[in-house]
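Raw input-v1.cif, mmCIF, C-alpha atoms:
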data_coords
#
loop_
_atom_site.label_atom_id
_atom_site.label_comp_id
_atom_site.auth_asym_id
_atom_site.auth_seq_id
_atom_site.Cartn_x
_atom_site.Cartn_y
_atom_site.Cartn_z
CA ASN W 1 39.44 -36.32 -76.99
CA ASP W 2 41.33 -33.31 -78.24
CA ASP W 3 44.78 -34.64 -77.22
CA GLN W 4 44.25 -37.82 -79.25
CA ALA W 5 42.98 -35.80 -82.20
CA ASP W 6 46.04 -33.55 -81.96
CA ALA W 7 48.36 -36.57 -82.00
CA VAL W 8 46.68 -37.93 -85.14
CA LEU W 9 46.45 -34.59 -86.96
CA ALA W 10 50.12 -33.83 -86.27
CA ARG W 11 50.91 -36.50 -88.87
CA LEU W 12 48.56 -35.19 -91.57
CA ASP W 13 48.62 -32.28 -94.01
CA GLY W 14 44.86 -32.18 -94.70
CA LEU W 15 41.61 -33.70 -93.55
CA VAL W 16 38.26 -34.78 -94.99
CA ILE W 17 35.39 -35.01 -92.51
CA ALA W 18 33.02 -37.35 -94.34
CA GLY W 19 29.29 -37.87 -94.51
CA GLY W 20 27.28 -40.25 -92.37
CA ALA W 21 24.64 -40.44 -89.67
CA ASP W 22 22.98 -37.45 -88.00
CA VAL W 23 24.93 -35.53 -85.36
CA GLU W 24 23.22 -36.09 -82.01
CA ALA W 25 20.95 -33.10 -81.35
CA SER W 26 22.13 -32.77 -77.74
CA ARG W 27 25.53 -31.72 -79.14
CA TYR W 28 23.93 -28.39 -80.10
CA GLY W 29 21.43 -28.17 -77.26
CA ALA W 30 18.30 -29.44 -79.01
CA PRO W 31 15.94 -32.36 -78.41
CA PRO W 32 16.05 -34.99 -81.19
CA HIS W 33 13.58 -34.73 -84.07
CA VAL W 34 11.32 -37.73 -84.69
CA THR W 35 13.29 -38.42 -87.92
CA SER W 36 16.70 -38.35 -86.22
CA GLN W 37 18.85 -41.42 -86.68
CA ASP W 38 20.15 -43.37 -83.70
CA PRO W 39 22.97 -41.42 -82.05
CA ARG W 40 26.60 -42.35 -82.57
CA PRO W 41 28.23 -40.73 -79.51
CA ASP W 42 31.63 -42.29 -80.26
CA ARG W 43 31.76 -40.93 -83.80
CA ASP W 44 30.34 -37.54 -82.77
CA ALA W 45 32.94 -37.11 -80.03
CA TRP W 46 35.84 -38.09 -82.29
CA GLU W 47 34.83 -35.99 -85.30
CA LEU W 48 33.96 -32.95 -83.17
CA ALA W 49 37.46 -33.22 -81.65
CA LEU W 50 38.99 -33.49 -85.14
CA ALA W 51 37.05 -30.40 -86.24
CA ARG W 52 38.15 -28.36 -83.20
CA VAL W 53 41.79 -29.40 -83.32
CA SER W 54 42.15 -29.08 -87.10
CA ASP W 55 40.83 -25.53 -86.74
CA ARG W 56 43.39 -24.73 -84.02
CA ARG W 57 46.12 -26.24 -86.20
CA ARG W 58 44.89 -24.18 -89.21
CA MET W 59 44.84 -27.41 -91.21
CA PRO W 60 43.20 -27.63 -94.65
CA VAL W 61 39.82 -29.34 -94.21
CA LEU W 62 37.00 -30.36 -96.54
CA GLY W 63 33.72 -31.18 -94.79
CA ILE W 64 31.22 -33.30 -96.71
CA CYS W 65 27.52 -33.42 -95.73
CA ARG W 66 27.66 -34.62 -92.09
CA GLY W 67 31.22 -33.26 -92.08
CA MET W 68 29.86 -29.75 -92.72
CA GLN W 69 27.40 -30.22 -89.89
CA VAL W 70 30.15 -31.48 -87.55
CA MET W 71 32.32 -28.47 -88.37
CA ALA W 72 29.46 -26.07 -87.66
CA VAL W 73 28.47 -27.75 -84.38
CA ALA W 74 32.12 -27.86 -83.21
CA ALA W 75 32.27 -24.09 -83.75
CA GLY W 76 29.03 -23.45 -81.82
CA GLY W 77 26.53 -23.69 -84.67
CA ALA W 78 23.27 -25.66 -84.82
CA LEU W 79 21.34 -27.73 -87.35
CA VAL W 80 17.97 -27.80 -89.06
CA GLN W 81 17.04 -31.34 -88.05
CA HIS W 82 14.64 -32.09 -90.89
CA VAL W 83 14.96 -29.85 -93.95
CA PRO W 84 11.55 -30.83 -95.46
CA ASP W 85 9.87 -29.29 -92.39
CA VAL W 86 11.40 -25.93 -93.32
CA VAL W 87 11.34 -25.97 -97.12
CA GLY W 88 8.19 -28.02 -97.75
CA HIS W 89 9.71 -30.54 -100.19
CA ASP W 90 12.12 -33.47 -100.23
CA ALA W 91 14.45 -32.50 -103.11
CA HIS W 92 17.48 -32.78 -100.83
CA CYS W 93 16.78 -36.45 -100.04
CA PRO W 94 13.95 -37.80 -102.22
CA GLN W 95 14.54 -41.55 -101.74
CA PRO W 96 16.20 -43.45 -98.91
CA GLY W 97 19.60 -44.74 -99.97
CA SER W 98 19.71 -42.91 -103.33
CA TYR W 99 21.57 -39.79 -104.33
CA SER W 100 19.61 -37.16 -106.18
CA SER W 101 20.87 -33.91 -107.66
CA HIS W 102 19.83 -30.30 -107.35
CA PRO W 103 21.33 -26.93 -108.19
CA VAL W 104 23.35 -24.83 -105.76
CA THR W 105 24.64 -21.30 -106.30
CA PRO W 106 28.07 -20.35 -104.93
CA VAL W 107 28.35 -17.00 -103.14
CA ALA W 108 30.21 -14.53 -105.37
CA GLY W 109 33.65 -13.71 -103.99
CA SER W 110 33.84 -16.86 -101.86
CA ARG W 111 36.70 -19.34 -101.99
CA LEU W 112 34.14 -21.91 -103.16
CA ALA W 113 33.19 -19.67 -106.10
CA ALA W 114 36.89 -19.28 -106.95
CA ILE W 115 37.09 -23.09 -107.19
CA LEU W 116 33.72 -23.92 -108.79
CA GLY W 117 32.69 -20.65 -110.46
CA ASN W 118 29.78 -18.31 -109.78
CA ASP W 119 27.16 -20.07 -111.91
CA PRO W 120 24.64 -22.50 -110.42
CA LEU W 121 25.76 -26.12 -110.66
CA ASP W 122 24.00 -29.43 -110.14
CA VAL W 123 25.42 -31.41 -107.23
CA PRO W 124 24.85 -34.95 -105.91
CA THR W 125 22.75 -34.69 -102.77
CA TYR W 126 21.49 -36.90 -99.97
CA HIS W 127 20.66 -35.15 -96.70
CA HIS W 128 17.68 -34.40 -94.50
CA GLN W 129 19.58 -32.10 -92.12
CA ALA W 130 21.53 -28.91 -92.77
CA VAL W 131 23.41 -26.18 -90.93
CA ARG W 132 21.09 -23.48 -89.58
CA PRO W 133 22.47 -20.37 -91.35
CA GLN W 134 21.74 -17.94 -88.52
CA SER W 135 23.72 -20.18 -86.13
CA LEU W 136 26.96 -19.30 -87.96
CA ALA W 137 27.00 -15.88 -86.30
CA GLY W 138 29.88 -15.94 -83.84
CA THR W 139 31.64 -18.81 -85.63
CA PRO W 140 34.51 -18.40 -88.12
CA TYR W 141 32.27 -19.63 -90.96
CA GLU W 142 30.44 -17.69 -93.65
CA PRO W 143 27.90 -18.95 -96.19
CA ALA W 144 29.52 -20.11 -99.43
CA ALA W 145 26.60 -21.60 -101.44
CA TRP W 146 22.81 -21.75 -101.28
CA HIS W 147 19.93 -23.77 -102.66
CA ALA W 148 17.11 -21.66 -104.09
CA ASP W 149 14.89 -22.77 -101.17
CA GLY W 150 17.19 -21.04 -98.66
CA THR W 151 19.07 -24.15 -97.51
CA LEU W 152 22.72 -23.42 -96.75
CA GLU W 153 24.70 -25.69 -99.07
CA ALA W 154 28.29 -24.67 -98.27
CA MET W 155 30.29 -22.66 -95.75
CA GLU W 156 33.90 -21.62 -95.41
CA ASP W 157 36.31 -19.92 -93.04
CA PRO W 158 37.66 -16.95 -95.02
CA ALA W 159 40.52 -16.47 -92.54
CA SER W 160 41.98 -19.91 -93.28
CA ASP W 161 43.93 -21.17 -96.28
CA PHE W 162 41.33 -23.89 -96.95
CA ARG W 163 38.53 -24.72 -94.55
CA VAL W 164 35.54 -25.42 -96.78
CA ALA W 165 32.46 -27.55 -96.20
CA VAL W 166 29.68 -28.57 -98.56
CA GLN W 167 26.29 -30.11 -97.82
CA TRP W 168 26.42 -32.21 -100.98
CA HIS W 169 28.52 -35.27 -101.88
CA PRO W 170 31.27 -34.37 -104.37
CA GLU W 171 32.66 -37.91 -104.10
CA ALA W 172 29.44 -39.16 -105.75
CA GLY W 173 29.89 -36.85 -108.76
CA ALA W 174 32.39 -36.42 -111.56
CA ASP W 175 33.83 -33.03 -110.54
CA PRO W 176 37.15 -33.39 -108.66
CA ARG W 177 37.83 -29.67 -108.18
CA LEU W 178 37.07 -29.53 -104.43
CA PHE W 179 39.36 -32.48 -103.77
CA ASP W 180 42.04 -30.99 -106.03
CA ALA W 181 41.84 -27.72 -104.08
CA LEU W 182 42.14 -29.54 -100.75
CA VAL W 183 45.18 -31.49 -101.97
CA ALA W 184 46.82 -28.32 -103.32
CA SER W 185 46.32 -26.55 -99.99
CA ALA W 186 47.64 -29.56 -98.04
CA ARG W 187 50.67 -29.70 -100.34
CA GLN W 188 51.41 -26.00 -99.72
CA ARG W 189 51.08 -26.54 -95.97
CA ALA W 190 53.51 -29.49 -96.14
CA VAL W 191 56.07 -27.40 -98.04
CA ARG W 192 55.80 -24.57 -95.48
CA GLY W 193 56.34 -27.13 -92.72
#

Would you mind writing the file out in structure tokens?
Amino acid sequence: NDDQADAVLARLDGLVIAGGADVEASRYGAPPHVTSQDPRPDRDAWELALARVSDRRRMPVLGICRGMQVMAVAAGGALVQHVPDVVGHDAHCPQPGSYSSHPVTPVAGSRLAAILGNDPLDVPTYHHQAVRPQSLAGTPYEPAAWHADGTLEAMEDPASDFRVAVQWHPEAGADPRLFDALVASARQRAVRG
């Protein structure tokens, strides 16, 4: 619940909402897709509360894969439940249990581009769901990176100091810049009190 999340987040300067199982489709008003994983209502409830409360607290947050999806759903967004149905290929998740890589292109002028640059970069990927881009209307989030097939690969809240989410798995790669940026923002927040 939000009160418990507030009590935990009061002790932190930053937050990572990590990857994992699919967000239950009922959380964004949809029936489950045949490929949907078994629901984890306990984890969904807790992470959705963390996403809502961290936003209210204006806390630096990095969402990773499922974490991006949780952040979007908490703000009123929705998901593409099986990306291959939309894009016609499985480049985002070619083999069960194995990371692949594919290029993403940051949106020029975004905070993400300020961290990673404007050029396309290869990222470690493993996902069959993604945030539905049109569902971001009315949320604080804006697109921050795309795959060439139209899959939204990152989003950010431009009104916050650092509230960035990526569909890929930076922890599985060798580029620490997103984590460094989160830590720097959390450090600044701690100094400000």

Checklist entry - Mind listing as a PyMOL selection string all residues within 12 Å of (21.3, -41.6, -92.8), counting only C-alpha atoms? => result chain W and resi 19-23+35-40+65-66+82+93+95-99+126-129

Next on the checklist: Taking 4 positions as the minimum chain separation for residues in the same chain, which residues sit within 10 Å of W:Gly150 when counting only C-alpha atoms? Answer as a ChimeraX atom specification.
Outcome noted: /W:86-87,133,145-146

Next on the checklist: I'd like to see the residues matched by the PyMOL selection byres ((chain W and resi 159-170) around 7) on this file, and ideally I'd get them as JSON, numbers by chain.
Outcome noted: {"W": [58, 60, 61, 62, 63, 64, 65, 68, 123, 124, 125, 126, 153, 154, 155, 156, 157, 158, 171, 172, 173, 175, 182, 185]}

Next on the checklist: I want to know what sits within 7 Å of W:Val107, based on all atoms listed in the file, with residues of the same chain fewer than 6 positions away left out; could you give that as a PyMOL selection string?
Outcome noted: chain W and resi 113+118+144-145

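When atom CA of W:Gly138 is paired with atom CA of W:Val70, their separation reads 16.0 Å.
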
Checklist entry - Any chance you could work out the residue set of the PyMOL selection byres ((chain W and resi 4) around 12) here, as a ChimeraX atom specification? => result /W:1-3,5-11,45-47,49-50,52-54

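Proximity ranking of W:Arg43, W:Arg56, W:Asp149, W:Gly193 relative to W:His89 places W:Asp149 first, based on all atoms listed in the file.
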
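For the pair atom CA of W:Leu152 and atom CA of W:Val183, the separation is 24.4 Å.
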
Please determine an axis-aligned box that encloses all atoms of stretch 39-42 of chain W listed in the file, with 3 Å added on each side, and express its centre and edge lengths in Å to one decimal as JSON.
{"center_x": 27.3, "center_y": -41.5, "center_z": -81.0, "size_x": 14.7, "size_y": 7.6, "size_z": 9.1}
